[in-house]
Amino acid sequence: MTVCVFAASSSKFENEYGRDASLLGALLAGAGISVVYGGGGIGLMNALANAVITNKGNITGVIPAFM
């Protein structure tokens, strides 16, 4: 199973949202669910991605060519 997650790439977010994005990433990875996300290295996308990677999950970042 694969889940696509849309999240903010801004570094300006409340700590609780970052914590929740990390928790979501850990839960998805732990359940063996692959994640597709926007490929951002900051903000909530980064929090999610780092949690998936830390928990040895499968994650794919998709970045449009114009970016």
# chains A, B, ... in the order shown; residues from 1 in each chain; ligands from 1
>>> residues_around(residues="Ala7 (chain A)", least_positions_apart="6", cutoff="10 Å", atoms="only C-alpha atoms", output="list in words")
Ala21, Tyr37, Gly38, Gly40, Gly43, Leu44, Met45, Asn46, Ala47 and Leu48 of chain A
>>> residues_around(residues="Ala31 (chain A)", least_positions_apart="3", cutoff="12 Å", atoms="only C-alpha atoms", output="PyMOL selection string")
chain A and resi 1-3+24-28+34-35+52+55-58
>>> atom_distance(atom1="CA of Glu14 (chain A)", atom2="CA of Gly32 (chain A)")
27.8 Å
>>> select_by_dssp(residues="chain A", states="strand (DSSP E or B)", output="PyMOL selection string")
chain A and resi 2-5+34-37+59-61
>>> select_by_dssp(residues="chain A", states="helix (DSSP H, G or I)", output="ChimeraX atom specification")
/A:15-30,43-54
>>> write_last_selection(atoms="N, CA and C atoms", output="PDB file, in the first residue's frame")
ATOM      1  N   ASN A  15       5.047  23.704  16.573  1.00  0.00           N
ATOM      2  CA  ASN A  15       5.760  22.480  16.961  1.00  0.00           C
ATOM      3  C   ASN A  15       4.864  21.256  16.960  1.00  0.00           C
ATOM      4  N   GLU A  16       3.601  21.432  17.351  1.00  0.00           N
ATOM      5  CA  GLU A  16       2.702  20.273  17.405  1.00  0.00           C
ATOM      6  C   GLU A  16       2.485  19.680  16.020  1.00  0.00           C
ATOM      7  N   TYR A  17       2.497  20.512  14.978  1.00  0.00           N
ATOM      8  CA  TYR A  17       2.333  19.993  13.619  1.00  0.00           C
ATOM      9  C   TYR A  17       3.562  19.201  13.184  1.00  0.00           C
ATOM     10  N   GLY A  18       4.733  19.670  13.554  1.00  0.00           N
ATOM     11  CA  GLY A  18       5.958  18.931  13.252  1.00  0.00           C
ATOM     12  C   GLY A  18       5.988  17.594  13.965  1.00  0.00           C
ATOM     13  N   ARG A  19       5.564  17.604  15.217  1.00  0.00           N
ATOM     14  CA  ARG A  19       5.497  16.367  15.997  1.00  0.00           C
ATOM     15  C   ARG A  19       4.514  15.386  15.361  1.00  0.00           C
ATOM     16  N   ASP A  20       3.365  15.909  14.927  1.00  0.00           N
ATOM     17  CA  ASP A  20       2.355  15.046  14.303  1.00  0.00           C
ATOM     18  C   ASP A  20       2.826  14.494  12.959  1.00  0.00           C
ATOM     19  N   ALA A  21       3.540  15.313  12.177  1.00  0.00           N
ATOM     20  CA  ALA A  21       4.071  14.835  10.893  1.00  0.00           C
ATOM     21  C   ALA A  21       5.087  13.722  11.130  1.00  0.00           C
ATOM     22  N   SER A  22       5.914  13.879  12.146  1.00  0.00           N
ATOM     23  CA  SER A  22       6.891  12.843  12.490  1.00  0.00           C
ATOM     24  C   SER A  22       6.197  11.569  12.958  1.00  0.00           C
ATOM     25  N   LEU A  23       5.166  11.734  13.766  1.00  0.00           N
ATOM     26  CA  LEU A  23       4.413  10.571  14.242  1.00  0.00           C
ATOM     27  C   LEU A  23       3.759   9.839  13.078  1.00  0.00           C
ATOM     28  N   LEU A  24       3.174  10.593  12.153  1.00  0.00           N
ATOM     29  CA  LEU A  24       2.552   9.977  10.979  1.00  0.00           C
ATOM     30  C   LEU A  24       3.585   9.184  10.179  1.00  0.00           C
ATOM     31  N   GLY A  25       4.754   9.771   9.952  1.00  0.00           N
ATOM     32  CA  GLY A  25       5.808   9.075   9.221  1.00  0.00           C
ATOM     33  C   GLY A  25       6.234   7.794   9.907  1.00  0.00           C
ATOM     34  N   ALA A  26       6.378   7.849  11.227  1.00  0.00           N
ATOM     35  CA  ALA A  26       6.780   6.664  11.985  1.00  0.00           C
ATOM     36  C   ALA A  26       5.702   5.581  11.927  1.00  0.00           C
ATOM     37  N   LEU A  27       4.443   5.988  12.056  1.00  0.00           N
ATOM     38  CA  LEU A  27       3.342   5.022  12.011  1.00  0.00           C
ATOM     39  C   LEU A  27       3.231   4.358  10.640  1.00  0.00           C
ATOM     40  N   LEU A  28       3.354   5.155   9.588  1.00  0.00           N
ATOM     41  CA  LEU A  28       3.266   4.598   8.237  1.00  0.00           C
ATOM     42  C   LEU A  28       4.414   3.627   7.977  1.00  0.00           C
ATOM     43  N   ALA A  29       5.623   4.036   8.336  1.00  0.00           N
ATOM     44  CA  ALA A  29       6.783   3.158   8.135  1.00  0.00           C
ATOM     45  C   ALA A  29       6.636   1.874   8.941  1.00  0.00           C
ATOM     46  N   GLY A  30       6.196   2.002  10.179  1.00  0.00           N
ATOM     47  CA  GLY A  30       6.035   0.839  11.039  1.00  0.00           C
ATOM     48  C   GLY A  30       4.991  -0.144  10.533  1.00  0.00           C
ATOM     49  N   GLY A  43      10.425  22.033   6.533  1.00  0.00           N
ATOM     50  CA  GLY A  43       9.034  22.069   6.964  1.00  0.00           C
ATOM     51  C   GLY A  43       8.468  20.713   7.333  1.00  0.00           C
ATOM     52  N   LEU A  44       7.156  20.619   7.213  1.00  0.00           N
ATOM     53  CA  LEU A  44       6.460  19.391   7.586  1.00  0.00           C
ATOM     54  C   LEU A  44       6.837  18.231   6.683  1.00  0.00           C
ATOM     55  N   MET A  45       7.118  18.534   5.407  1.00  0.00           N
ATOM     56  CA  MET A  45       7.542  17.457   4.503  1.00  0.00           C
ATOM     57  C   MET A  45       8.831  16.820   5.007  1.00  0.00           C
ATOM     58  N   ASN A  46       9.749  17.638   5.479  1.00  0.00           N
ATOM     59  CA  ASN A  46      11.015  17.122   5.997  1.00  0.00           C
ATOM     60  C   ASN A  46      10.799  16.303   7.265  1.00  0.00           C
ATOM     61  N   ALA A  47       9.934  16.783   8.145  1.00  0.00           N
ATOM     62  CA  ALA A  47       9.651  16.054   9.385  1.00  0.00           C
ATOM     63  C   ALA A  47       9.086  14.673   9.073  1.00  0.00           C
ATOM     64  N   LEU A  48       8.160  14.627   8.138  1.00  0.00           N
ATOM     65  CA  LEU A  48       7.565  13.358   7.722  1.00  0.00           C
ATOM     66  C   LEU A  48       8.630  12.436   7.123  1.00  0.00           C
ATOM     67  N   ALA A  49       9.398  12.951   6.176  1.00  0.00           N
ATOM     68  CA  ALA A  49      10.404  12.143   5.481  1.00  0.00           C
ATOM     69  C   ALA A  49      11.451  11.599   6.442  1.00  0.00           C
ATOM     70  N   ASN A  50      11.941  12.439   7.331  1.00  0.00           N
ATOM     71  CA  ASN A  50      12.954  11.977   8.283  1.00  0.00           C
ATOM     72  C   ASN A  50      12.429  10.856   9.167  1.00  0.00           C
ATOM     73  N   ALA A  51      11.173  10.961   9.574  1.00  0.00           N
ATOM     74  CA  ALA A  51      10.589   9.911  10.417  1.00  0.00           C
ATOM     75  C   ALA A  51      10.448   8.601   9.651  1.00  0.00           C
ATOM     76  N   VAL A  52      10.043   8.681   8.395  1.00  0.00           N
ATOM     77  CA  VAL A  52       9.927   7.465   7.583  1.00  0.00           C
ATOM     78  C   VAL A  52      11.303   6.819   7.421  1.00  0.00           C
ATOM     79  N   ILE A  53      12.299   7.618   7.094  1.00  0.00           N
ATOM     80  CA  ILE A  53      13.655   7.103   6.891  1.00  0.00           C
ATOM     81  C   ILE A  53      14.217   6.515   8.189  1.00  0.00           C
ATOM     82  N   THR A  54      14.045   7.231   9.292  1.00  0.00           N
ATOM     83  CA  THR A  54      14.533   6.761  10.592  1.00  0.00           C
ATOM     84  C   THR A  54      13.928   5.417  10.969  1.00  0.00           C
TER      85      THR A  54
END
>>> atom_distance(atom1="CA of Ala65 (chain A)", atom2="CA of Ile33 (chain A)")
26.4 Å
